[in-house]
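Structure file structure-v4.txt; described as compact mmCIF, C-alpha atoms (C1' of nucleotides).
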# COMPACT_ATOMS: atom_id res chain seq x y z
CA MET A 101 35.87 -69.84 -28.93
CA ASN A 102 36.64 -70.12 -32.62
CA LYS A 103 39.79 -68.31 -33.70
CA GLU A 104 38.90 -68.45 -37.38
CA THR A 105 36.12 -65.90 -37.20
CA LYS A 106 36.20 -62.46 -38.75
CA ILE A 107 36.01 -60.66 -35.42
CA TYR A 108 38.94 -62.49 -33.91
CA LYS A 109 41.02 -61.97 -37.03
CA LEU A 110 40.23 -58.25 -36.98
CA TYR A 111 41.27 -58.16 -33.34
CA LEU A 112 44.62 -59.68 -34.24
CA LYS A 113 44.97 -57.29 -37.15
CA LEU A 114 44.43 -54.23 -34.95
CA LEU A 115 46.71 -55.69 -32.31
CA GLY A 116 49.42 -55.96 -34.96
CA LYS A 117 48.85 -52.38 -35.99
CA TYR A 118 48.49 -50.70 -32.60
CA GLY A 119 50.01 -53.05 -30.05
CA ALA A 120 49.36 -52.58 -26.36
CA PRO A 121 47.52 -49.45 -25.23
CA LYS A 122 49.56 -46.61 -23.82
CA ASP A 123 49.21 -43.24 -22.18
CA PHE A 124 45.60 -42.14 -22.21
CA TRP A 125 44.15 -45.59 -22.72
CA LYS A 126 46.56 -47.22 -20.38
CA ASN A 127 44.78 -45.39 -17.59
CA TRP A 128 41.49 -46.96 -18.56
CA CYS A 129 43.03 -50.34 -19.18
CA LYS A 130 45.73 -50.32 -16.54
CA GLU A 131 46.51 -53.26 -14.34
CA LYS A 132 45.86 -51.81 -10.90
CA LYS A 133 43.13 -49.25 -10.41
CA THR A 134 42.48 -47.33 -7.24
CA THR A 135 38.95 -46.65 -6.05
CA LYS A 136 39.44 -43.06 -7.19
CA ASP A 137 40.37 -44.27 -10.68
CA ARG A 138 37.20 -46.34 -10.84
CA GLU A 139 35.06 -43.47 -9.62
CA LYS A 140 36.46 -41.08 -12.20
CA ILE A 141 36.01 -43.58 -14.99
CA ALA A 142 32.39 -44.16 -13.99
CA PHE A 143 31.67 -40.42 -13.96
CA GLY A 144 33.37 -40.05 -17.33
CA ALA A 145 31.14 -42.78 -18.75
CA ILE A 146 28.02 -40.89 -17.67
CA LEU A 147 29.24 -37.43 -18.64
CA THR A 148 30.42 -38.44 -22.10
CA GLN A 149 26.90 -39.28 -23.24
CA ARG A 150 26.31 -37.54 -26.57
CA VAL A 151 29.25 -35.15 -26.16
CA SER A 152 32.90 -35.11 -27.06
CA TRP A 153 35.45 -36.15 -24.47
CA LEU A 154 36.95 -32.67 -24.42
CA ASN A 155 33.79 -31.29 -22.79
CA VAL A 156 33.83 -34.08 -20.24
CA GLU A 157 37.39 -33.22 -19.36
CA LYS A 158 36.38 -29.72 -18.31
CA ALA A 159 33.54 -30.92 -16.13
CA LEU A 160 35.81 -33.46 -14.41
CA ALA A 161 38.38 -30.73 -13.85
CA ASN A 162 35.68 -28.58 -12.22
CA LEU A 163 34.73 -31.42 -9.89
CA LYS A 164 38.35 -32.00 -9.00
CA LYS A 165 38.91 -28.32 -8.31
CA GLU A 166 36.00 -28.33 -5.87
CA ASN A 167 37.34 -31.50 -4.32
CA VAL A 168 34.18 -33.49 -5.11
CA LEU A 169 35.56 -35.88 -7.72
CA SER A 170 34.39 -38.92 -5.77
CA VAL A 171 31.15 -40.80 -5.12
CA GLU A 172 31.04 -39.39 -1.61
CA GLY A 173 31.87 -35.87 -2.76
CA ILE A 174 29.21 -35.72 -5.45
CA TYR A 175 26.65 -37.27 -3.15
CA CYS A 176 27.25 -34.65 -0.44
CA LEU A 177 27.29 -31.77 -2.90
CA GLY A 178 24.20 -32.91 -4.80
CA LYS A 179 22.22 -33.66 -1.68
CA ASN A 180 22.55 -30.11 -0.39
CA ASP A 181 22.88 -28.16 -3.58
CA ILE A 182 22.03 -29.79 -6.91
CA ASN A 183 22.31 -26.35 -8.44
CA ASN A 184 25.99 -26.11 -7.64
CA LEU A 185 26.56 -29.58 -9.07
CA GLU A 186 24.80 -28.48 -12.26
CA LYS A 187 27.09 -25.49 -12.49
CA LEU A 188 30.21 -27.64 -12.28
CA LEU A 189 28.92 -30.00 -14.97
CA ARG A 190 27.91 -27.22 -17.32
CA PRO A 191 30.78 -27.69 -19.82
CA SER A 192 29.77 -31.30 -20.46
CA GLY A 193 26.41 -30.29 -21.94
CA PHE A 194 22.95 -31.53 -20.90
CA TYR A 195 24.12 -30.43 -17.49
CA LYS A 196 20.78 -30.50 -15.66
CA GLN A 197 20.09 -34.05 -16.77
CA LYS A 198 23.64 -35.13 -16.09
CA ALA A 199 23.63 -33.62 -12.60
CA LYS A 200 20.57 -35.72 -11.82
CA LYS A 201 22.05 -38.85 -13.38
CA ILE A 202 25.41 -38.60 -11.66
CA PHE A 203 23.89 -37.75 -8.29
CA GLN A 204 21.42 -40.59 -8.59
CA PHE A 205 24.29 -42.94 -9.40
CA CYS A 206 26.27 -41.84 -6.33
CA ASN A 207 23.20 -41.95 -4.14
CA PHE A 208 22.52 -45.51 -5.26
CA ILE A 209 26.11 -46.62 -4.68
CA ILE A 210 26.24 -45.14 -1.18
CA LYS A 211 22.78 -46.12 -0.01
CA ASN A 212 22.82 -49.66 -1.38
CA HIS A 213 26.48 -50.62 -1.30
CA SER A 214 28.27 -47.98 0.76
CA GLY A 215 30.96 -47.68 -1.90
CA LEU A 216 31.85 -48.37 -5.52
CA GLU A 217 34.20 -51.25 -4.75
CA ASN A 218 31.47 -53.06 -2.85
CA PHE A 219 29.06 -52.57 -5.69
CA LEU A 220 31.54 -53.83 -8.28
CA ASN A 221 32.38 -56.76 -6.08
CA GLN A 222 29.13 -58.44 -7.05
CA ASP A 223 28.42 -60.78 -9.91
CA LEU A 224 28.56 -59.12 -13.33
CA LYS A 225 24.95 -59.89 -14.16
CA ILE A 226 23.70 -58.41 -10.90
CA CYS A 227 25.78 -55.26 -11.36
CA ARG A 228 24.48 -54.76 -14.87
CA GLU A 229 20.85 -55.25 -13.92
CA GLN A 230 21.18 -52.78 -11.08
CA LEU A 231 22.83 -50.13 -13.22
CA LEU A 232 20.11 -50.47 -15.84
CA THR A 233 17.42 -49.68 -13.27
CA LEU A 234 18.93 -46.19 -12.85
CA ARG A 235 17.38 -43.42 -14.96
CA GLY A 236 19.78 -42.16 -17.57
CA ILE A 237 22.01 -45.20 -17.54
CA GLY A 238 21.36 -47.34 -20.57
CA PRO A 239 23.24 -50.39 -21.85
CA GLU A 240 26.18 -48.49 -23.28
CA THR A 241 26.87 -46.43 -20.16
CA ALA A 242 26.33 -49.43 -17.89
CA ASP A 243 28.73 -51.56 -19.90
CA SER A 244 31.34 -48.79 -20.08
CA ILE A 245 31.26 -48.54 -16.31
CA LEU A 246 31.46 -52.31 -15.88
CA LEU A 247 34.25 -52.83 -18.41
CA TYR A 248 36.47 -49.82 -17.74
CA ALA A 249 35.75 -48.99 -14.11
CA GLY A 250 34.99 -52.53 -12.97
CA ASP A 251 37.26 -54.59 -15.23
CA LYS A 252 34.32 -56.89 -15.90
CA PRO A 253 34.20 -58.90 -19.13
CA VAL A 254 31.40 -57.10 -21.01
CA PHE A 255 31.88 -55.76 -24.52
CA VAL A 256 30.82 -52.14 -25.06
CA ILE A 257 28.70 -51.45 -28.13
CA ASP A 258 28.83 -47.78 -29.01
CA GLU A 259 28.77 -45.64 -32.12
CA TYR A 260 32.41 -46.51 -32.82
CA THR A 261 31.71 -50.22 -32.52
CA ARG A 262 28.77 -49.90 -34.93
CA ARG A 263 30.86 -47.98 -37.46
CA PHE A 264 33.52 -50.65 -37.12
CA VAL A 265 30.94 -53.36 -37.79
CA LYS A 266 29.80 -51.50 -40.90
CA LYS A 267 33.28 -50.70 -42.12
CA TYR A 268 34.43 -54.31 -42.02
CA ASN A 269 31.08 -55.74 -43.03
CA ILE A 270 30.84 -57.99 -40.01
CA THR A 271 27.04 -58.22 -39.99
CA LYS A 272 23.96 -56.32 -41.07
CA GLU A 273 22.38 -56.61 -37.64
CA PHE A 274 22.90 -53.62 -35.36
CA CYS A 275 20.84 -54.18 -32.25
CA TYR A 276 22.79 -53.86 -29.01
CA ASP A 277 22.39 -57.29 -27.50
CA TYR A 278 23.05 -59.06 -30.76
CA LEU A 279 26.31 -57.21 -31.38
CA GLN A 280 27.43 -57.63 -27.80
CA ASN A 281 26.88 -61.38 -27.94
CA LEU A 282 28.63 -61.56 -31.28
CA PHE A 283 31.78 -59.86 -29.99
CA GLN A 284 31.80 -61.79 -26.74
CA GLN A 285 31.34 -65.14 -28.42
CA ASN A 286 34.20 -64.54 -30.80
CA LEU A 287 36.78 -63.29 -28.31
CA PRO A 288 38.39 -64.77 -25.21
CA ARG A 289 36.25 -63.86 -22.20
CA ASP A 290 38.74 -61.41 -20.75
CA ALA A 291 38.18 -57.79 -19.67
CA LYS A 292 41.68 -56.81 -20.80
CA VAL A 293 41.00 -58.11 -24.30
CA TYR A 294 37.68 -56.27 -24.47
CA GLN A 295 39.20 -53.04 -23.17
CA ASN A 296 42.09 -53.11 -25.57
CA PHE A 297 40.00 -54.15 -28.57
CA HIS A 298 37.41 -51.47 -27.92
CA ALA A 299 40.13 -48.86 -27.47
CA MET A 300 41.62 -49.89 -30.82
CA ILE A 301 38.20 -49.79 -32.50
CA VAL A 302 37.91 -46.15 -31.42
CA LEU A 303 41.40 -45.36 -32.72
CA ASP A 304 40.69 -47.17 -35.98
CA GLY A 305 37.47 -45.17 -36.34
CA LYS A 306 39.25 -41.91 -35.75
CA GLY A 307 41.98 -42.90 -38.16
CA THR A 308 44.56 -42.09 -35.54
CA ASP A 309 47.00 -43.95 -33.33
CA TRP A 310 48.22 -44.15 -29.75
CA ASP A 311 50.94 -41.54 -30.26
CA LEU A 312 48.53 -38.93 -31.54
CA VAL A 313 46.17 -39.59 -28.66
CA SER A 314 48.94 -39.27 -26.09
CA LYS A 315 49.83 -35.86 -27.49
CA PHE A 316 46.60 -34.54 -26.01
CA ASN A 317 47.87 -35.42 -22.57
CA LEU A 318 44.47 -36.60 -21.42
CA GLN A 319 45.93 -39.10 -19.00
CA LYS A 320 46.28 -36.50 -16.27
CA LEU A 321 42.57 -36.76 -15.63
CA ILE A 322 42.39 -40.41 -14.80
C1' DA B 278 25.44 -19.39 -38.66
C1' DC B 279 25.52 -23.60 -38.87
C1' DC B 280 26.65 -28.90 -37.58
C1' DC B 281 28.33 -32.39 -34.84
C1' DA B 282 29.85 -34.97 -30.67
C1' DG B 283 31.46 -42.38 -27.66
C1' DG B 284 23.18 -41.61 -25.20
C1' DT B 285 18.77 -42.02 -22.92
C1' DG B 286 13.95 -41.95 -22.23
C1' DG B 287 9.46 -40.63 -23.75
C1' DC B 288 6.22 -40.48 -27.19
C1' DC B 289 4.36 -41.69 -31.57
C1' DC B 290 2.57 -44.83 -34.83
C1' DG C 167 9.69 -52.44 -32.69
C1' DG C 168 11.51 -48.64 -35.43
C1' DG C 169 11.49 -43.41 -35.97
C1' DC C 170 11.70 -38.90 -33.99
C1' DC C 171 12.51 -35.48 -30.42
C1' DA C 172 14.33 -32.99 -26.18
C1' DC C 173 18.17 -32.36 -23.57
C1' DA C 174 22.75 -27.89 -23.67
C1' DT C 175 27.49 -26.86 -24.37
C1' DG C 176 31.86 -26.18 -26.95
C1' DG C 177 34.62 -26.65 -31.10
C1' DG C 178 35.35 -26.49 -36.02
Representation of the structure as structure tokens:
Amino acid sequence: MNKETKIYKLYLKLLGKYGAPKDFWKNWCKEKKTTKDREKIAFGAILTQRVSWLNVEKALANLKKENVLSVEGIYCLGKNDINNLEKLLRPSGFYKQKAKKIFQFCNFIIKNHSGLENFLNQDLKICREQLLTLRGIGPETADSILLYAGDKPVFVIDEYTRRFVKKYNITKEFCYDYLQNLFQQNLPRDAKVYQNFHAMIVLDGKGTDWDLVSKFNLQKLI
DNA sequence: ACCCAGGTGGCCC
DNA sequence: GGGCCACATGGG
């Protein structure tokens, strides 16, 4: 890994500006995650598709209130009553699609691996391939789950990453696999580094900082 | 009354 | 292989 590249230098620059993640992001990047943490993060990754995080927060709160904020809980609820699951997910938008996606995800985890930890315990490449076979889980959602819920070393390419690439003129190429390889080749292969860098890319894109984020008190959800 | 928000899959050419 | 559209809600 070459430390003279633009990407690595930008990483150091952001690190100097923001330092270690705290509060909200610390939950996503924290050292020890429980199975419940991982489940919530995976659901968040699916529910946040094309909507703001604030809407996701409400849907997660609904699930928690009904005591189904777990792979097992959503599976049981969705199996008997997909309509009720849809109702709980309503605030996150696209709720009929998302109910299907999230139920399908839980169904897959339970039927094929009998639990999220077991699933994540496999080789990164296998996990990724399996996630991508699920309808409604594309590369970005799969990688978000793997990086933040699974602590696997995959770099997430999302709208923020693309804006970052444009802003700092890193390359003119924007296709997913190309950008992912570019980031991974120019950073130490370390999930913590990817998590922190990606978190800082989002902050940089929002023009905000850790303190402002923590004011929203989002960490209670994770 | 708009427009946008951390996507995905299907369809078109 | 890129361009466009449906999917649905909440906030500014």
Inset, instruction - May I have the residues of chain A within 7 Å of chain B, counting only C-alpha atoms (C1' of nucleotides), written as a ChimeraX atom specification? - result: /A:148-152,236,238,258-260
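Selecting chain C residues within 10 Å of chain A and counting only C-alpha atoms (C1' of nucleotides) yields DC173, DA174, DT175, DG176 and DG177 of chain C.
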Inset, instruction - With a distance cut-off of 12 Å and only C-alpha atoms (C1' of nucleotides), select the neighbouring residues of A:Val168, excluding the residue or stretch itself and same-chain residues fewer than 5 positions from it, and output the selection as a ChimeraX atom specification. - result: /A:136,139-140,143,159-163,173-178,184-185,188-189,203,206
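Atom CA of A:Ile301 lies 8.0 Å from atom CA of A:Leu114.
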Could you pull the residues within 9 Å of stretch 262-272 of chain A, counting all atoms listed in the file, minus those fewer than 3 positions along the same chain, as an mmCIF file with C-alpha atoms, in the coordinates of the input?
data_model
loop_
_atom_site.group_PDB
_atom_site.id
_atom_site.type_symbol
_atom_site.label_atom_id
_atom_site.label_comp_id
_atom_site.auth_asym_id
_atom_site.auth_seq_id
_atom_site.Cartn_x
_atom_site.Cartn_y
_atom_site.Cartn_z
ATOM 1 C CA LYS A 106 36.200 -62.460 -38.750
ATOM 2 C CA ILE A 107 36.010 -60.660 -35.420
ATOM 3 C CA LEU A 110 40.230 -58.250 -36.980
ATOM 4 C CA ILE A 257 28.700 -51.450 -28.130
ATOM 5 C CA ASP A 258 28.830 -47.780 -29.010
ATOM 6 C CA GLU A 259 28.770 -45.640 -32.120
ATOM 7 C CA LEU A 279 26.310 -57.210 -31.380
ATOM 8 C CA ILE A 301 38.200 -49.790 -32.500
ATOM 9 C CA VAL A 302 37.910 -46.150 -31.420
ATOM 10 C CA ASP A 304 40.690 -47.170 -35.980
ATOM 11 C CA GLY A 305 37.470 -45.170 -36.340
#
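For the atom pair formed by atom CA of A:Lys211 and atom CA of A:Val171, the distance is 11.2 Å, given to one decimal.
Of note, atom CA of A:Glu157 and atom CA of A:Thr241 are spaced 16.9 Å apart.
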Compile the contact shell of A:Ala142 as a PDB file with C-alpha atoms, in the frame of the given file: residues with an atom at most 10 Å away, counting all atoms listed in the file, same-chain residues fewer than 6 positions apart removed.
ATOM      1  CA  LYS A 136      39.440 -43.060  -7.190  1.00  0.00           C
ATOM      2  CA  SER A 170      34.390 -38.920  -5.770  1.00  0.00           C
ATOM      3  CA  VAL A 171      31.150 -40.800  -5.120  1.00  0.00           C
ATOM      4  CA  ILE A 202      25.410 -38.600 -11.660  1.00  0.00           C
ATOM      5  CA  PHE A 205      24.290 -42.940  -9.400  1.00  0.00           C
ATOM      6  CA  LEU A 216      31.850 -48.370  -5.520  1.00  0.00           C
ATOM      7  CA  THR A 241      26.870 -46.430 -20.160  1.00  0.00           C
ATOM      8  CA  ALA A 242      26.330 -49.430 -17.890  1.00  0.00           C
ATOM      9  CA  SER A 244      31.340 -48.790 -20.080  1.00  0.00           C
ATOM     10  CA  ILE A 245      31.260 -48.540 -16.310  1.00  0.00           C
ATOM     11  CA  LEU A 246      31.460 -52.310 -15.880  1.00  0.00           C
ATOM     12  CA  LEU A 247      34.250 -52.830 -18.410  1.00  0.00           C
ATOM     13  CA  TYR A 248      36.470 -49.820 -17.740  1.00  0.00           C
ATOM     14  CA  ALA A 249      35.750 -48.990 -14.110  1.00  0.00           C
ATOM     15  CA  GLY A 250      34.990 -52.530 -12.970  1.00  0.00           C
TER      16      GLY A 250
END
